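Trainee: Mind having a look at this structure? Questions to follow.
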Amino acid sequence: DVIMVIPGTYHETVRLSVSGTPTGYTTLMAMPGQARPAIVSNPTIYSPGDPQFGNTISIRGNYIRVSGFDVTWQYDPSTPDVYGSAIGACCGNAPVNGVNQPTVHHVFIDNNVVHDSPSGGIGINDSDYLTIIGNVVYGNANQAPNETSGISVGESIDYDDAPGFHTVIMNNITYDNENLVPANYTLPNGTVVTSSCTTDGNGIIIDSNRRQDNDNVAYQSSTLIFGNLSFGNGGG
């Protein structure tokens with residue numbers, strides 16, 4: 001299925017949980033040849049029960065593409081404990097080698113402008129077969145305490161053991177992503193993380209693929225990071 005969106009500003013969250021197929025991705029895209037649609041979330045719209053902090057666009061299925069949008073999550077300083085990322089993928093409960101695993105696979109994120117979200121810009125966890133290409137990602141990760149970045153891929157899970165690059169991050173521009181709030185959050189294993197300093201807000205980061213804070217099953221597949229422009233970001 002292909003959903004084409006006409007120009008406009010849409011104040012909402014979008015959850016993509018219906019999977020496509022290897023020959024037909026579920027695609028959410030801007031109408032070709034027209035102005036870029038904007039999707040905006042905020043503390044009023046977001047769902048407190050969402051484990052991804054109510055991302056503006058949450059990808060929870062497989063074989064999914066998101067293309068051509070302006071995406072942000074508007075921070076409100078009057079509710080500092082409510083924050084989200086612009087685009088996130090995680091936790092699809094898809095079968096891996098016959099066993100149900102919290103992974104999302106075959107996700108394509110391209111040609112988006114992702115900006116000014118208090119948590120991450122594009123953040124993907126527990127996933128495999130990712131393509132992040134041609135996005136402009138700026139001004140994210142400033143206000144949230146959960147150590148996010150501009151483009152972040154972490155705690156990946158092998159969908160299979162096929163050779164070649166399973167994750168490709170290419171031709172993106174990332175700038176002015178920086179942590180300004182010290183860490184204060186809880187890991188999936190219940191560990192509380194606190195810090196007196198900031199550590200992340202990277203332009204691009206591949207993080208915790210040994211899964212040492214989760215199940216200790218290290219990710220084995222290869223990642224290609226190529227042709228990106230990254231400047232003015234934070235980082236440890």
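Here, A, B, ... name the chains of the structure tokens in the order displayed, residue numbers run from 1 inside each chain, and ligands are numbered from 1 in the same displayed order.
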With a distance cut-off of 8 Å and only C-alpha atoms, select the neighbouring residues of stretch 179-196 of chain A, excluding the residue or stretch itself and same-chain residues fewer than 3 positions from it, and output the selection as a ChimeraX atom specification.
Mentor: /A:141-149,199-201,213-214,234-235
Trainee: Quick one: residues within 8 Å of A:Val5, only C-alpha atoms counted, chain neighbours fewer than 3 positions away excluded, as a ChimeraX atom specification?
Mentor: /A:28-31,37
Trainee: Create the file for the chosen residues now, containing all heavy atoms and written as a PDB file, in the first residue's frame.
Mentor:
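Printed below is selection_14.pdb as written:
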```
ATOM      1  N   LEU A  28       4.498   5.522   3.336  1.00  0.00           N
ATOM      2  CA  LEU A  28       3.907   6.814   3.650  1.00  0.00           C
ATOM      3  C   LEU A  28       4.815   7.855   3.032  1.00  0.00           C
ATOM      4  O   LEU A  28       5.985   7.969   3.415  1.00  0.00           O
ATOM      5  CB  LEU A  28       3.816   6.999   5.166  1.00  0.00           C
ATOM      6  CG  LEU A  28       3.209   8.317   5.651  1.00  0.00           C
ATOM      7  CD1 LEU A  28       1.722   8.370   5.353  1.00  0.00           C
ATOM      8  CD2 LEU A  28       3.462   8.515   7.149  1.00  0.00           C
ATOM      9  N   MET A  29       4.301   8.622   2.068  1.00  0.00           N
ATOM     10  CA  MET A  29       5.180   9.533   1.337  1.00  0.00           C
ATOM     11  C   MET A  29       4.455  10.825   0.981  1.00  0.00           C
ATOM     12  O   MET A  29       3.218  10.887   0.905  1.00  0.00           O
ATOM     13  CB  MET A  29       5.696   8.867   0.062  1.00  0.00           C
ATOM     14  CG  MET A  29       4.639   8.535  -0.967  1.00  0.00           C
ATOM     15  SD  MET A  29       5.334   7.703  -2.438  1.00  0.00           S
ATOM     16  CE  MET A  29       6.380   9.016  -3.106  1.00  0.00           C
ATOM     17  N   ALA A  30       5.250  11.869   0.763  1.00  0.00           N
ATOM     18  CA  ALA A  30       4.710  13.135   0.291  1.00  0.00           C
ATOM     19  C   ALA A  30       4.263  12.997  -1.158  1.00  0.00           C
ATOM     20  O   ALA A  30       4.827  12.222  -1.931  1.00  0.00           O
ATOM     21  CB  ALA A  30       5.769  14.221   0.412  1.00  0.00           C
ATOM     22  N   MET A  31       3.243  13.764  -1.509  1.00  0.00           N
ATOM     23  CA  MET A  31       2.778  13.773  -2.892  1.00  0.00           C
ATOM     24  C   MET A  31       3.893  14.291  -3.799  1.00  0.00           C
ATOM     25  O   MET A  31       4.410  15.394  -3.587  1.00  0.00           O
ATOM     26  CB  MET A  31       1.545  14.665  -3.013  1.00  0.00           C
ATOM     27  CG  MET A  31       0.896  14.646  -4.385  1.00  0.00           C
ATOM     28  SD  MET A  31       0.033  13.087  -4.730  1.00  0.00           S
ATOM     29  CE  MET A  31      -1.368  13.230  -3.620  1.00  0.00           C
ATOM     30  N   PRO A  37       4.824  18.015   3.177  1.00  0.00           N
ATOM     31  CA  PRO A  37       3.881  18.068   4.299  1.00  0.00           C
ATOM     32  C   PRO A  37       4.626  18.055   5.631  1.00  0.00           C
ATOM     33  O   PRO A  37       5.686  17.434   5.756  1.00  0.00           O
ATOM     34  CB  PRO A  37       3.049  16.786   4.138  1.00  0.00           C
ATOM     35  CG  PRO A  37       3.371  16.252   2.781  1.00  0.00           C
ATOM     36  CD  PRO A  37       4.739  16.742   2.446  1.00  0.00           C
TER      37      PRO A  37
END
```
Trainee: Just want the 10 Å neighbourhood of A:Ala35, counted on only C-alpha atoms, with same-chain residues fewer than 2 positions away dropped. Output as an MDAnalysis selection string.
Mentor: chainID A and resid 6:8 30:33 37:38 68:70
Trainee: What gap, in Å, lies between atom CA of A:Val153 and atom CA of A:Asn55?
Mentor: 15.2 Å
Trainee: Measuring atom to atom with only C-alpha atoms, identify which of A:Leu130, A:Val66, A:Val104, A:Ile204 is nearest to A:Gly232.
Mentor: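 Smallest distance to A:Gly232 is found for A:Ile204.
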Trainee: If you run DSSP on the backbone here, which positions in stretch 104-178 of chain A get strand (DSSP E or B)? Please write them as a PyMOL selection string.
Mentor: chain A and resi 104-110+113-115+122-125+127-133+136-138+151-154+165-170+173-175
Trainee: Taking into account only C-alpha atoms, which residue in the set A:Asn216, A:Ser156, A:Ser208, A:Ser230 is nearest to A:Asp176?
Mentor: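 When distances to A:Asp176 are compared using only C-alpha atoms, the smallest one comes from A:Ser230.
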Trainee: Name the closest residue to A:Arg210 among the candidates A:Gly227, A:Gly154, A:Val113, A:Asn172; distances are taken between atoms, counting only C-alpha atoms.
Mentor: A:Gly154
Trainee: Which of these residues is nearest to A:Tyr25, using only C-alpha atoms: A:Thr13, A:Phe108, A:Asp81, A:Gly121?
Mentor: A:Phe108
Trainee: Show which residues sit within 12 Å of A:Ser17, as a list in words. Count only C-alpha atoms, and ignore same-chain residues fewer than 3 positions away.
Mentor: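 After dropping sequence-adjacent residues, the list is Val14, Gly20, Thr26, Thr27, Leu28, Ile57, Ser58, Ile59, Arg60, Gly61, Asn62, Tyr63, Ile64, Arg65, Ala89, Cys90, Cys91, Gly92, Asn93, Ala94, Val104, His105 and Val107 of chain A.
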Trainee: Write the residues you've just listed into a file as a PDB file, in the first residue's frame, and include N, CA, C and O atoms for each of them.
Mentor:
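Output below, filename part-v4.pdb:
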```pdb
ATOM      1  N   VAL A  14       1.630   9.523  14.126  1.00  0.00           N
ATOM      2  CA  VAL A  14       1.357   8.503  13.117  1.00  0.00           C
ATOM      3  C   VAL A  14       2.031   7.218  13.547  1.00  0.00           C
ATOM      4  O   VAL A  14       3.237   7.216  13.842  1.00  0.00           O
ATOM      5  N   GLY A  20       4.407  -4.278   5.213  1.00  0.00           N
ATOM      6  CA  GLY A  20       4.370  -4.558   3.791  1.00  0.00           C
ATOM      7  C   GLY A  20       4.973  -5.923   3.514  1.00  0.00           C
ATOM      8  O   GLY A  20       4.991  -6.809   4.379  1.00  0.00           O
ATOM      9  N   THR A  26       4.889  -1.068   2.667  1.00  0.00           N
ATOM     10  CA  THR A  26       3.912  -0.094   3.121  1.00  0.00           C
ATOM     11  C   THR A  26       4.602   1.261   3.129  1.00  0.00           C
ATOM     12  O   THR A  26       5.594   1.451   3.836  1.00  0.00           O
ATOM     13  N   THR A  27       4.094   2.209   2.344  1.00  0.00           N
ATOM     14  CA  THR A  27       4.803   3.468   2.110  1.00  0.00           C
ATOM     15  C   THR A  27       3.940   4.659   2.490  1.00  0.00           C
ATOM     16  O   THR A  27       2.805   4.792   2.025  1.00  0.00           O
ATOM     17  N   LEU A  28       4.498   5.522   3.336  1.00  0.00           N
ATOM     18  CA  LEU A  28       3.907   6.814   3.650  1.00  0.00           C
ATOM     19  C   LEU A  28       4.815   7.855   3.032  1.00  0.00           C
ATOM     20  O   LEU A  28       5.985   7.969   3.415  1.00  0.00           O
ATOM     21  N   ILE A  57       6.278  10.067  14.330  1.00  0.00           N
ATOM     22  CA  ILE A  57       6.033   8.912  13.460  1.00  0.00           C
ATOM     23  C   ILE A  57       6.679   7.697  14.109  1.00  0.00           C
ATOM     24  O   ILE A  57       7.889   7.665  14.309  1.00  0.00           O
ATOM     25  N   SER A  58       5.866   6.712  14.471  1.00  0.00           N
ATOM     26  CA  SER A  58       6.358   5.471  15.079  1.00  0.00           C
ATOM     27  C   SER A  58       6.189   4.329  14.087  1.00  0.00           C
ATOM     28  O   SER A  58       5.085   4.081  13.600  1.00  0.00           O
ATOM     29  N   ILE A  59       7.293   3.642  13.801  1.00  0.00           N
ATOM     30  CA  ILE A  59       7.275   2.509  12.874  1.00  0.00           C
ATOM     31  C   ILE A  59       7.307   1.236  13.704  1.00  0.00           C
ATOM     32  O   ILE A  59       8.271   0.972  14.420  1.00  0.00           O
ATOM     33  N   ARG A  60       6.262   0.441  13.611  1.00  0.00           N
ATOM     34  CA  ARG A  60       6.132  -0.784  14.398  1.00  0.00           C
ATOM     35  C   ARG A  60       5.905  -2.002  13.522  1.00  0.00           C
ATOM     36  O   ARG A  60       5.552  -3.068  14.017  1.00  0.00           O
ATOM     37  N   GLY A  61       6.053  -1.853  12.225  1.00  0.00           N
ATOM     38  CA  GLY A  61       5.886  -2.973  11.305  1.00  0.00           C
ATOM     39  C   GLY A  61       7.133  -3.163  10.475  1.00  0.00           C
ATOM     40  O   GLY A  61       8.132  -2.460  10.622  1.00  0.00           O
ATOM     41  N   ASN A  62       7.082  -4.111   9.554  1.00  0.00           N
ATOM     42  CA  ASN A  62       8.216  -4.469   8.710  1.00  0.00           C
ATOM     43  C   ASN A  62       7.928  -4.079   7.257  1.00  0.00           C
ATOM     44  O   ASN A  62       6.774  -3.941   6.853  1.00  0.00           O
ATOM     45  N   TYR A  63       9.005  -3.895   6.492  1.00  0.00           N
ATOM     46  CA  TYR A  63       8.878  -3.482   5.093  1.00  0.00           C
ATOM     47  C   TYR A  63       8.046  -2.198   5.011  1.00  0.00           C
ATOM     48  O   TYR A  63       6.988  -2.134   4.384  1.00  0.00           O
ATOM     49  N   ILE A  64       8.580  -1.153   5.646  1.00  0.00           N
ATOM     50  CA  ILE A  64       7.892   0.140   5.714  1.00  0.00           C
ATOM     51  C   ILE A  64       8.835   1.240   5.259  1.00  0.00           C
ATOM     52  O   ILE A  64      10.018   1.245   5.605  1.00  0.00           O
ATOM     53  N   ARG A  65       8.288   2.179   4.482  1.00  0.00           N
ATOM     54  CA  ARG A  65       9.059   3.339   4.015  1.00  0.00           C
ATOM     55  C   ARG A  65       8.342   4.625   4.434  1.00  0.00           C
ATOM     56  O   ARG A  65       7.114   4.731   4.319  1.00  0.00           O
ATOM     57  N   ALA A  89      11.622   3.797  15.308  1.00  0.00           N
ATOM     58  CA  ALA A  89      11.236   2.430  14.941  1.00  0.00           C
ATOM     59  C   ALA A  89      11.694   1.490  16.036  1.00  0.00           C
ATOM     60  O   ALA A  89      12.821   1.579  16.511  1.00  0.00           O
ATOM     61  N   CYS A  90      10.805   0.611  16.429  1.00  0.00           N
ATOM     62  CA  CYS A  90      11.121  -0.297  17.527  1.00  0.00           C
ATOM     63  C   CYS A  90       9.985  -1.300  17.712  1.00  0.00           C
ATOM     64  O   CYS A  90       8.855  -1.018  17.342  1.00  0.00           O
ATOM     65  N   CYS A  91      10.312  -2.432  18.256  1.00  0.00           N
ATOM     66  CA  CYS A  91       9.357  -3.266  18.979  1.00  0.00           C
ATOM     67  C   CYS A  91       8.196  -3.735  18.113  1.00  0.00           C
ATOM     68  O   CYS A  91       7.039  -3.453  18.400  1.00  0.00           O
ATOM     69  N   GLY A  92       8.491  -4.470  17.052  1.00  0.00           N
ATOM     70  CA  GLY A  92       7.426  -4.920  16.172  1.00  0.00           C
ATOM     71  C   GLY A  92       6.857  -6.276  16.497  1.00  0.00           C
ATOM     72  O   GLY A  92       5.871  -6.699  15.902  1.00  0.00           O
ATOM     73  N   ASN A  93       7.494  -7.023  17.421  1.00  0.00           N
ATOM     74  CA  ASN A  93       7.051  -8.377  17.774  1.00  0.00           C
ATOM     75  C   ASN A  93       6.929  -9.275  16.542  1.00  0.00           C
ATOM     76  O   ASN A  93       5.959 -10.011  16.375  1.00  0.00           O
ATOM     77  N   ALA A  94       7.932  -9.197  15.688  1.00  0.00           N
ATOM     78  CA  ALA A  94       7.961 -10.022  14.478  1.00  0.00           C
ATOM     79  C   ALA A  94       8.766 -11.293  14.734  1.00  0.00           C
ATOM     80  O   ALA A  94       9.683 -11.312  15.542  1.00  0.00           O
ATOM     81  N   VAL A 104      11.981  -4.839  14.568  1.00  0.00           N
ATOM     82  CA  VAL A 104      11.407  -4.333  13.324  1.00  0.00           C
ATOM     83  C   VAL A 104      12.476  -4.488  12.259  1.00  0.00           C
ATOM     84  O   VAL A 104      13.656  -4.267  12.516  1.00  0.00           O
ATOM     85  N   HIS A 105      12.097  -4.881  11.051  1.00  0.00           N
ATOM     86  CA  HIS A 105      13.107  -5.080  10.008  1.00  0.00           C
ATOM     87  C   HIS A 105      12.620  -4.537   8.665  1.00  0.00           C
ATOM     88  O   HIS A 105      11.430  -4.402   8.422  1.00  0.00           O
ATOM     89  N   VAL A 107      13.255  -1.336   7.060  1.00  0.00           N
ATOM     90  CA  VAL A 107      12.693   0.005   7.203  1.00  0.00           C
ATOM     91  C   VAL A 107      13.514   0.965   6.353  1.00  0.00           C
ATOM     92  O   VAL A 107      14.743   0.946   6.400  1.00  0.00           O
TER      93      VAL A 107
END
```
Trainee: Just checking: using only C-alpha atoms, which residue out of A:Asn111, A:Ser19, A:Thr103, A:Asn233 ends up closest to A:Tyr129?
Mentor: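 Result for the nearest residue to A:Tyr129: A:Thr103.
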Trainee: So what do you get for atom CA of A:Val114 versus atom CA of A:Ser152, distance-wise?
Mentor: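 Rounded to one decimal, the two atoms are 12.8 Å apart.
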Trainee: Go through A:Ser127, A:Trp73, A:Tyr138, A:Ile173 and flag the residue nearest A:Asp110, using only C-alpha atoms for the distances.
Mentor: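 For A:Asp110, the nearest of the given residues is A:Ile173.
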